[in-house]
$ cat protein_11.cif   # mmCIF, C-alpha atoms
data_my_file
#
loop_
_atom_site.group_PDB
_atom_site.id
_atom_site.type_symbol
_atom_site.label_atom_id
_atom_site.label_comp_id
_atom_site.auth_asym_id
_atom_site.auth_seq_id
_atom_site.Cartn_x
_atom_site.Cartn_y
_atom_site.Cartn_z
ATOM 1 C CA ALA O 27 29.629 -0.555 -6.374
ATOM 2 C CA MET O 28 32.521 1.931 -6.512
ATOM 3 C CA GLN O 29 33.818 0.360 -9.710
ATOM 4 C CA ASP O 30 30.356 0.596 -11.285
ATOM 5 C CA ARG O 31 30.147 4.301 -10.383
ATOM 6 C CA ALA O 32 33.644 4.914 -11.790
ATOM 7 C CA ILE O 33 32.689 3.224 -15.059
ATOM 8 C CA GLU O 34 29.438 5.177 -15.259
ATOM 9 C CA LYS O 35 31.125 8.541 -14.646
ATOM 10 C CA SER O 36 34.076 7.965 -16.961
ATOM 11 C CA SER O 37 31.713 6.733 -19.674
ATOM 12 C CA LEU O 38 29.982 10.110 -19.648
ATOM 13 C CA ILE O 39 33.218 11.880 -20.588
ATOM 14 C CA TYR O 40 34.382 9.198 -23.007
ATOM 15 C CA SER O 41 31.023 9.373 -24.788
ATOM 16 C CA ALA O 42 31.442 13.139 -25.262
ATOM 17 C CA ILE O 43 34.865 12.478 -26.779
ATOM 18 C CA GLU O 44 33.677 9.682 -29.052
ATOM 19 C CA GLU O 45 30.554 11.561 -30.188
ATOM 20 C CA SER O 46 32.482 14.743 -31.049
ATOM 21 C CA ASN O 47 33.486 13.675 -34.583
ATOM 22 C CA ASN O 48 37.177 14.150 -33.728
ATOM 23 C CA PHE O 49 36.729 17.578 -32.142
ATOM 24 C CA TYR O 50 38.110 15.860 -29.027
ATOM 25 C CA LYS O 51 40.538 12.975 -29.315
ATOM 26 C CA SER O 52 41.667 10.484 -26.721
ATOM 27 C CA PRO O 53 45.294 9.428 -27.206
ATOM 28 C CA VAL O 54 44.678 6.247 -25.219
ATOM 29 C CA ASP O 55 43.533 2.951 -26.690
ATOM 30 C CA PRO O 56 40.008 2.180 -25.396
ATOM 31 C CA ASP O 57 41.227 -1.052 -23.794
ATOM 32 C CA TYR O 58 43.615 0.886 -21.549
ATOM 33 C CA ARG O 59 41.677 4.019 -20.686
ATOM 34 C CA SER O 60 41.579 5.141 -17.092
ATOM 35 C CA LYS O 61 38.310 5.276 -15.188
ATOM 36 C CA MET O 62 39.676 8.087 -13.002
ATOM 37 C CA ASN O 63 41.734 10.372 -15.277
ATOM 38 C CA ILE O 64 40.319 10.926 -18.728
ATOM 39 C CA VAL O 65 42.869 12.549 -21.003
ATOM 40 C CA PHE O 66 41.980 14.184 -24.286
ATOM 41 C CA ARG O 67 43.190 16.691 -26.839
ATOM 42 C CA LEU O 68 41.439 19.295 -28.926
ATOM 43 C CA GLN O 69 42.243 20.053 -32.550
ATOM 44 C CA THR O 70 44.715 22.877 -31.822
ATOM 45 C CA PRO O 71 46.638 24.247 -28.832
ATOM 46 C CA GLU O 72 44.666 27.492 -29.229
ATOM 47 C CA LEU O 73 41.376 25.633 -28.877
ATOM 48 C CA GLU O 74 42.711 23.862 -25.791
ATOM 49 C CA LYS O 75 43.565 27.227 -24.220
ATOM 50 C CA LYS O 76 40.119 28.572 -25.038
ATOM 51 C CA PHE O 77 38.473 25.409 -23.680
ATOM 52 C CA LEU O 78 40.421 25.666 -20.412
ATOM 53 C CA ALA O 79 39.689 29.392 -20.078
ATOM 54 C CA GLU O 80 35.950 28.964 -20.621
ATOM 55 C CA ALA O 81 35.831 25.955 -18.301
ATOM 56 C CA GLY O 82 37.645 27.984 -15.646
ATOM 57 C CA LYS O 83 35.061 30.764 -15.888
ATOM 58 C CA LEU O 84 32.429 28.152 -15.055
ATOM 59 C CA GLY O 85 34.384 26.952 -12.014
ATOM 60 C CA MET O 86 35.885 23.872 -13.637
ATOM 61 C CA LEU O 87 39.476 24.056 -12.496
ATOM 62 C CA GLY O 88 42.214 21.497 -12.919
ATOM 63 C CA LEU O 89 41.286 20.354 -16.427
ATOM 64 C CA LYS O 90 44.711 21.204 -17.801
ATOM 65 C CA GLY O 91 46.705 18.113 -18.693
ATOM 66 C CA HIS O 92 50.022 17.140 -17.172
ATOM 67 C CA ARG O 93 52.779 19.635 -17.921
ATOM 68 C CA SER O 94 54.889 17.027 -19.711
ATOM 69 C CA VAL O 95 52.193 15.972 -22.202
ATOM 70 C CA GLY O 96 49.733 18.865 -22.368
ATOM 71 C CA GLY O 97 46.158 18.473 -23.481
ATOM 72 C CA CYS O 98 43.310 18.184 -21.022
ATOM 73 C CA ARG O 99 42.544 15.809 -18.201
ATOM 74 C CA ALA O 100 39.234 15.336 -16.418
ATOM 75 C CA SER O 101 39.752 13.639 -13.070
ATOM 76 C CA VAL O 102 36.589 11.895 -11.937
ATOM 77 C CA TYR O 103 37.685 10.411 -8.655
ATOM 78 C CA ASN O 104 35.221 8.721 -6.322
ATOM 79 C CA ALA O 105 34.510 11.902 -4.337
ATOM 80 C CA LEU O 106 33.371 13.806 -7.445
ATOM 81 C CA PRO O 107 29.573 13.645 -7.714
ATOM 82 C CA LYS O 108 28.024 12.328 -10.914
ATOM 83 C CA GLU O 109 26.266 15.695 -11.354
ATOM 84 C CA ASP O 110 29.669 17.382 -11.716
ATOM 85 C CA VAL O 111 30.700 14.893 -14.386
ATOM 86 C CA VAL O 112 27.440 15.532 -16.242
ATOM 87 C CA PHE O 113 28.239 19.268 -16.062
ATOM 88 C CA ILE O 114 31.671 18.697 -17.610
ATOM 89 C CA ARG O 115 30.201 16.460 -20.317
ATOM 90 C CA ASP O 116 27.526 19.014 -21.165
ATOM 91 C CA PHE O 117 30.128 21.784 -21.320
ATOM 92 C CA MET O 118 32.264 19.681 -23.665
ATOM 93 C CA ARG O 119 29.308 19.175 -25.998
ATOM 94 C CA THR O 120 28.357 22.848 -25.951
ATOM 95 C CA PHE O 121 31.952 23.981 -26.480
ATOM 96 C CA ALA O 122 32.388 21.643 -29.448
ATOM 97 C CA ALA O 123 29.141 22.837 -31.042
ATOM 98 C CA SER O 124 30.168 26.483 -30.622
ATOM 99 C CA ASN O 125 33.734 26.103 -31.878
ATOM 100 C CA ARG O 126 33.560 23.975 -35.005
#

$ encode --input "protein_11.cif" --output "structure tokens"
Amino acid sequence: AMQDRAIEKSSLIYSAIEESNNFYKSPVDPDYRSKMNIVFRLQTPELEKKFLAEAGKLGMLGLKGHRSVGGCRASVYNALPKEDVVFIRDFMRTFAASNR
């Protein structure tokens, strides 16, 4: 059951990435993508900074990627409710639509 929930939650974020027409890009081959830590990049470092700033204003903290690789990382561990993942996904869609 936990694995099914992890797949469901990570799929929400991966779908936002895949449906963004390359606004967001995952550097990880689909066969090896994590179900807990979804990493992605935006088109420019400036857009990543803006994305992180706007997400932070909405209370979404910790989306900044690892300091050695940059980008963004959404951690959707078991304790994170599905509603929070839906909120992140919806923000990603809205941000992409507003910043094309």

$ closest_residue --input "protein_11.cif" --among "O:Lys90, O:Lys108, O:Arg99, O:Lys83" --to "Arg31 in chain O" --atoms "only C-alpha atoms"
O:Lys108

$ resolve_selection --input "protein_11.cif" --expression "the PyMOL selection byres ((chain O and resi 81) around 12)" --output "NGL selection string"
:O and (73-80 or 82-90 or 98 or 100 or 113-118 or 120-121)

$ atom_distance --input "protein_11.cif" --atom1 "CA of Val95 in chain O" --atom2 "CA of Glu109 in chain O"
28.1 Å

$ residues_around --input "protein_11.cif" --residues "Pro53 in chain O" --least-positions-apart "5" --cutoff "8 Å" --atoms "all atoms listed in the file" --output "ChimeraX atom specification"
/O:65-67

$ atom_distance --input "protein_11.cif" --atom1 "CA of Asp30 in chain O" --atom2 "CA of Asn104 in chain O"
10.7 Å

$ resolve_selection --input "protein_11.cif" --expression "the PyMOL selection byres ((chain O and resi 34-45) around 7)" --output "list in words"
Asp30, Arg31, Ala32, Ile33, Ser46, Asn47, Tyr50, Lys51, Lys61, Met62, Val102, Lys108, Val111, Val112, Arg115, Met118 and Arg119 of chain O

$ write_last_selection --input "protein_11.cif" --atoms "C-alpha atoms" --output "PDB file, keeping the file's coordinate frame"
ATOM      1  CA  ASP O  30      30.356   0.596 -11.285  1.00  0.00           C
ATOM      2  CA  ARG O  31      30.147   4.301 -10.383  1.00  0.00           C
ATOM      3  CA  ALA O  32      33.644   4.914 -11.790  1.00  0.00           C
ATOM      4  CA  ILE O  33      32.689   3.224 -15.059  1.00  0.00           C
ATOM      5  CA  SER O  46      32.482  14.743 -31.049  1.00  0.00           C
ATOM      6  CA  ASN O  47      33.486  13.675 -34.583  1.00  0.00           C
ATOM      7  CA  TYR O  50      38.110  15.860 -29.027  1.00  0.00           C
ATOM      8  CA  LYS O  51      40.538  12.975 -29.315  1.00  0.00           C
ATOM      9  CA  LYS O  61      38.310   5.276 -15.188  1.00  0.00           C
ATOM     10  CA  MET O  62      39.676   8.087 -13.002  1.00  0.00           C
ATOM     11  CA  VAL O 102      36.589  11.895 -11.937  1.00  0.00           C
ATOM     12  CA  LYS O 108      28.024  12.328 -10.914  1.00  0.00           C
ATOM     13  CA  VAL O 111      30.700  14.893 -14.386  1.00  0.00           C
ATOM     14  CA  VAL O 112      27.440  15.532 -16.242  1.00  0.00           C
ATOM     15  CA  ARG O 115      30.201  16.460 -20.317  1.00  0.00           C
ATOM     16  CA  MET O 118      32.264  19.681 -23.665  1.00  0.00           C
ATOM     17  CA  ARG O 119      29.308  19.175 -25.998  1.00  0.00           C
TER      18      ARG O 119
END

$ atom_distance --input "protein_11.cif" --atom1 "CA of Gly97 in chain O" --atom2 "CA of Pro71 in chain O"
7.9 Å

$ axis_aligned_box --input "protein_11.cif" --around "range 115-120 of chain O" --padding-each-side "3 Å" --output "lines of an AutoDock Vina configuration file"
center_x = 29.9
center_y = 19.7
center_z = -23.2
size_x = 10.7
size_y = 12.4
size_z = 11.7

$ closest_residue --input "protein_11.cif" --among "O:Gly96, O:Ser101, O:Asp110, O:Met28" --to "Ile64 in chain O" --atoms "only C-alpha atoms"
O:Ser101
